[in-house]
Amino acid sequence: MTAAGGPRLAALNKAAEAAGLVLGEPLTDARAKASELQVHAVDAAVDDAALRRLALWATRYTPTASVWNAENGADGFFLDIEGAAHLFGGEERLMADLSDRLENNFGLPARLAVADTPGTAWALARFHAAPSPVLPSGREAEALAPLPIEALRLSPETCTTLRRLGFKSVGALLDQPRAPFAARFPAELLRRLDQALGRIEEPLVPIIAPPVYHSLRYLLEPILTQEAVVAHAKRLMQTLVHVLERDDVGARALRLCLYRVDGAVAAVDIGLTLPTRNVAHVARLIDLKLDAVAATQEAGFGFEAIGLAVTLAEPIPARQAELAAVAEGIGEADRTERCTTLIDTLRQRLGPQSVRQFAAIASHLPERAEALAAVNGEASAWPAPEQTTRPLLLLPRAEPTEVTALVPDGPPRRFRWRGVTYEVAGSQGPERIASEWWRDPLPYPPPQAGEDKKGAPTRDYYLVEDADGHRFWLYREGLYERETTAARWFVHGLFA
Amino acid sequence: MSAYAELAVTSNFSFLRGASHPQEMIATAAELKLAAIGIADRNSFAGVVRAYDEWKKRKSIKLLVGTRLVPIDGFEVLAYPTDRQAYGRLCRLLTQGNLKAKKGECHLAFEEILAASEGQMLIALPPLDSRLHGNERLSVFTERLSAMAHTAPGRTFLAGVHYHRGDEPRRLGFLAELGERLNAPLVAVNDVSYHVPQRRPLADVLTCIREKCTIAEAGLKLAVNAERHLKPAAEMARLFTGFSDAIARTVKIAEACRFSLGELTYEYSDEPVPEGKTAQQHLADLTWAGAQERYPPDQYPDGIPADVAKRLQAELALIAKLDYARYFLTVHDVVAFARRQQKEILCQGRGSAANSAVCYCLGITSVDPDKSNLLFARFISENRGEPPDIDVDFEHERREEVIQYIYKRYGRDRAAICSTVVHYRSRRAIREVGKALGLTEDVTAALAKTVWGYGDGLPNEHIRQAGLDPLNPAIRQAVELADELIGFPRHLSQHVGGFVLTRAPLDETVPIGNAAMDERTFIEWDKDDIDTLGLMKVDVLALGMLSCLRRGLDLIQQHYGKAYSLATLPQDDGTVYEMLSRADSVGVFQVESRAQMSMLPRLKPRCFYDLVIEVAIVRPGPIQGDMVHPYLRRRDGIDREHYPSPDPAHGPADELKDVLKRTLGVPLFQEQAMQIAITAAKFTPDEADGLAAPWPLSAIPATSICSATSSSPA
């Protein structure tokens, strides 16, 4: 994490602690202490998502699991086990079970505590010496007294001020009359104290499991053919569409499960470019996928149940239906939809990696100015072309050619490429493009004093046309004035 | 063989755009034998004096001084003044723009440029996007160009640059035709940002720093090629084949600009001189009157001592010869203001000015020529050619009053504070370069920490100590670029106390800009630039110790009822010297450091002059020159005082004794070195001054002692 004085350590594992590193230490000091340090940047979003998933798992114990927000430290959660503890044989057994599973299944050492109020439980989990205390009812004040004031979940400024005034433990606060605190500190102080002692309620916001879109249908008679499978899948999708519409989401990935009579299950996965609720489109894709996968070949005695689940749902922004589109033809939004439909279809046919689009890269070197990237359904903006001309076809690799030209920067007069000699009738240029010096690898070890340090050579591009009208894009590598005495020539592209 | 003058040069005083020092540009242009070179920085004249300084050393090439005017809505134009008035107009224009904006920025409008266009040679730079049709920027540009050609006929031109983009013949042809049509003929320029093509990586790094991105992200913001360097005439002629008149026009423009910075010198203000007298007369009157006060008849029944009178006459004669009277009068004016306040502001002249008897009589300094051996040549010498540098310290708490007095007396339009150029130092340079190259923060921090203090450069040893490999390519690249960047100006800042005073309005001499403080303005040139041009500069510096003394004197007045002033404090209090001999000097100005405390018990100062020697001796000069031990030994009587004496044919036997007797035969002061040269080697005072010149005046500001600077080991 970044703080004053440069990056600092936010978390350590056991090995790091053993090496003597301390939380909050500057990174450079840590590197000096332990040279084989592996460092990763703090990613709060990922951590939060992981915590949520863990909390969802913990709902096996109780329906109310509440993830801590940033105020409470963002590294744990509350479980309200009132009424659920007896199902696991009591509070201690529940704690032991939870602790075991966290340790063994997830590899996470955890600190746990049970108490009547969330505040006390938080404090005990953080600061108590014993591993997993279970606090009997009514003993909050006694348990809290020896703990430091940070156990009350106060803001750092409040804690600093309290320490300065001499209040170092919660017990010291408990004895004092309340009025002076109400006057001098924000209301949060007394509120937290009361919450911990149970005088006021602390409502917990339980985590809500993400919705599952799934529909399953048992068939009266087992089906064998692909058409039948697709027809039933269509009907399943229809039922799902209602739920998807209600939540304003669309499906981006689906899984079709085919349950055979003899118990085996075949699964087919479909991926889409943009979230969709379009039944016909999904049906078509399933059809294509089944063609490719030939899962129905192994139908055996037939499928007796079909299930369709949405494995990835993403929001679809609501779209206004276009009035004009009906009259004039295809509207803009429709065009996008048709485009994504096409892309999905191509993907299913050819494979998911086979459909890509060009993205512009800001670079002066022609071969670096574009790259292939995965399609995401929208056409990215292409920067306005500069005046300089670029060939229609850029050869994947510039091909060497022998050229007759005037030194230092005259255009080619005659050149030989791929076995054919061309006489140049007209030319344009040179367009000088210098190398990207920060990419050129520097020699290691460095050249001795006196040796020339050479960077990559500069290119002079020429657009030449021969007597028959063919146009080529050539370049000379190296400037005669200052870079080289024998330059090489290449053909880099062709115009129409 | 055609001649060529490069008129579009951006030096590194266009901060973060130019990649070479003005000096480098001049030197390279001279080597390439160009007919002329014009330095035109962005909305400023900040770097021109350095270019002028470099030019003075060579004079083989003509130097044009101009600026690149960039109004807030585009349309860049190079402006070269043809004479002094035109230059003044440009300064006014830039001052206007500066004062409208906050520090470091300049807001100009196109109409203002037109209004100031009389006497300027204007070269408009067309926009980079060279689409010839349907280009809106181009049409706006064309309108403005034609407006400018109407306002300044015969002095408006259109610049054509060969960008090496492959379409030059067509584009230049289009521009030539456009220029014909609008009566703004084509002129060939190369839009220079660096002096040799090898500087291109640094120019790219500067772009990254300016645009706040790393070099991998900069993409199209970087230049395509490395062609923006100074090119010789033959190369430019070849690139502009078919446009030879554009080349020839550069020389014609250069010839038409007859303004030189040398025309700005020595315009001293007239304030301190009353009606009816000349400056010299007034100075003489004040000096003799002051002398009467310093040597009152009750203490000096024979009148002013003969030696002193002789000195005064000699000094006044030299001042008259060099015409420096106004300078002394200005400083005297400020000091007199301070002294005549109800509650006197304590002030003290220091440095080489203490060598002047005239300054003593005017009350600027307090070293009595009767008691000390002063060397006027140290202060002013004919062949140095620069006006004297009189530094005056004021009580730091009340310095603002003095500053306001100067502003009031001379007016804000004729007095302003100098700037100081803040350069890139090692730490910042490596930090910025590292960030631009994409090195991680902890690596740049570690590299920056290898620099201690204000050292220049990052030696390999230090880098190894920081745990990094200096041969690693990424680190090497960063260090090489940082080395080039060290010394580049970063921005201008207000100087502590150097004032510039002129006769003509200041904003016609140099552009003025806003400082970060409210109501404060400063000029674009720094102290060295002022010295180079010979403008009048007065240093109004603050010394905390004077405030301390003021408070001490007040407390004495309050508690003991005795009123002392700096001049009347007794100098022979034995208990003070005993305290110092015990090295009990914590809190005592000048002798507080460990080195001093270890010297005090050895030297055992007993009188005031001993303190003078004490302060002078603990300096790198005497220590390196091995003067300290001989002096101590002679003082303790271990060695005999010994004065080398010449052959009777060359001079009296004790001629060196006069010079060295106060320091027991050991030369400790720079003045002594000069005096030895004068008496023993028969140097003239000016030649002897040549010995002293290279050393910076690291004078110690002490109360009432003569200058004790690092002595030359000679």
# chains A, B, ... in the order shown; residues from 1 in each chain; ligands from 1
>>> residues_around(residues="range 515-522 of chain B", least_positions_apart="6", cutoff="8 Å", atoms="only C-alpha atoms", output="PyMOL selection string")
chain B and resi 102-103+416-419+493-494
>>> residues_around(residues="Ala15 in chain A", least_positions_apart="3", cutoff="12 Å", atoms="only C-alpha atoms", output="PyMOL selection string")
chain A and resi 11-12+18-22+34+36-38
>>> select_by_dssp(residues="range 98-282 of chain A", states="strand (DSSP E)", output="ChimeraX atom specification")
/A:213-223,249-260,265-276
>>> select_by_dssp(residues="range 339-519 of chain B", states="helix (DSSP H, G or I)", output="ChimeraX atom specification")
/B:339,351-355,357-362,376-378,382-384,396-410,426-437,441-449,460-465,473-485,506-508
>>> closest_atom_pairs(of="chain B", to="chain A", cutoff="7 Å", atoms="only C-alpha atoms", output="CSV")
residue,atom,partner,partner_atom,distance
B:Ser130,CA,A:Gln387,CA,6.6
B:Arg131,CA,A:Gln387,CA,6.0
B:His164,CA,A:Glu431,CA,5.3
B:Arg165,CA,A:Glu431,CA,4.3
B:Gly166,CA,A:Gly429,CA,3.7
B:Asp167,CA,A:Gly429,CA,6.4
B:Gly219,CA,A:Ala362,CA,4.5
B:Leu220,CA,A:Ala362,CA,5.5
B:Val224,CA,A:Ile433,CA,5.5
B:Asn225,CA,A:Ala434,CA,4.6
B:Ala226,CA,A:Ala434,CA,6.7
B:Asp442,CA,A:Thr28,CA,6.1
B:Leu471,CA,A:Pro445,CA,6.2
B:Pro473,CA,A:Leu442,CA,5.5
>>> residues_around(residues="Arg503 in chain B", least_positions_apart="3", cutoff="9 Å", atoms="only C-alpha atoms", output="list in words")
Glu267, Tyr268, Ser269, Asp270, Glu271, Arg414 and Leu506 of chain B
>>> residues_around(residues="range 146-155 of chain B", least_positions_apart="5", cutoff="7 Å", atoms="only C-alpha atoms", output="ChimeraX atom specification")
/B:114,117-118,120-122,182-184
>>> closest_residue(among="A:Ala30, A:Pro148, A:Leu346, A:Arg153", to="Gly73 in chain A", atoms="only C-alpha atoms")
A:Arg153
>>> residues_around(residues="range 254-258 of chain B", least_positions_apart="4", cutoff="9 Å", atoms="only C-alpha atoms", output="ChimeraX atom specification")
/B:5,7,35-38,62-65,80-84,120-121,249-250
>>> residues_around(residues="Asp654 in chain B", least_positions_apart="4", cutoff="10 Å", atoms="only C-alpha atoms", output="PyMOL selection string")
chain B and resi 643-646+658-659+661
>>> write_last_selection(atoms="N, CA and C atoms", output="mmCIF file, in the first residue's frame")
data_model
loop_
_atom_site.group_PDB
_atom_site.id
_atom_site.type_symbol
_atom_site.label_atom_id
_atom_site.label_comp_id
_atom_site.auth_asym_id
_atom_site.auth_seq_id
_atom_site.Cartn_x
_atom_site.Cartn_y
_atom_site.Cartn_z
ATOM 1 N N TYR B 643 60.166 37.163 8.441
ATOM 2 C CA TYR B 643 59.629 37.769 7.229
ATOM 3 C C TYR B 643 60.662 37.667 6.140
ATOM 4 N N PRO B 644 60.373 36.979 5.091
ATOM 5 C CA PRO B 644 61.348 36.926 4.009
ATOM 6 C C PRO B 644 61.579 38.325 3.470
ATOM 7 N N SER B 645 62.814 38.636 3.213
ATOM 8 C CA SER B 645 63.095 39.978 2.713
ATOM 9 C C SER B 645 63.867 39.873 1.410
ATOM 10 N N PRO B 646 63.686 40.838 0.563
ATOM 11 C CA PRO B 646 64.298 40.762 -0.759
ATOM 12 C C PRO B 646 65.734 41.285 -0.767
ATOM 13 N N ASP B 658 55.161 44.903 6.883
ATOM 14 C CA ASP B 658 53.941 45.711 6.965
ATOM 15 C C ASP B 658 52.712 44.909 6.616
ATOM 16 N N VAL B 659 52.885 44.101 5.585
ATOM 17 C CA VAL B 659 51.717 43.364 5.121
ATOM 18 C C VAL B 659 51.337 42.263 6.114
ATOM 19 N N LYS B 661 52.588 41.659 9.413
ATOM 20 C CA LYS B 661 52.926 41.634 10.839
ATOM 21 C C LYS B 661 51.730 41.347 11.721
#
>>> residues_around(residues="range 368-377 of chain B", least_positions_apart="5", cutoff="6 Å", atoms="only C-alpha atoms", output="PyMOL selection string")
chain B and resi 355-357+685
>>> atom_distance(atom1="CA of Leu174 in chain A", atom2="CA of Asp75 in chain A")
27.4 Å
>>> atom_distance(atom1="CA of Arg52 in chain A", atom2="CA of Glu157 in chain A")
28.8 Å
>>> atom_distance(atom1="CA of Arg418 in chain A", atom2="CA of Ala405 in chain A")
18.5 Å
>>> closest_residue(among="B:Thr67, B:Gln596, B:Thr663, B:Ser547", to="Met627 in chain B", atoms="only C-alpha atoms")
B:Thr663
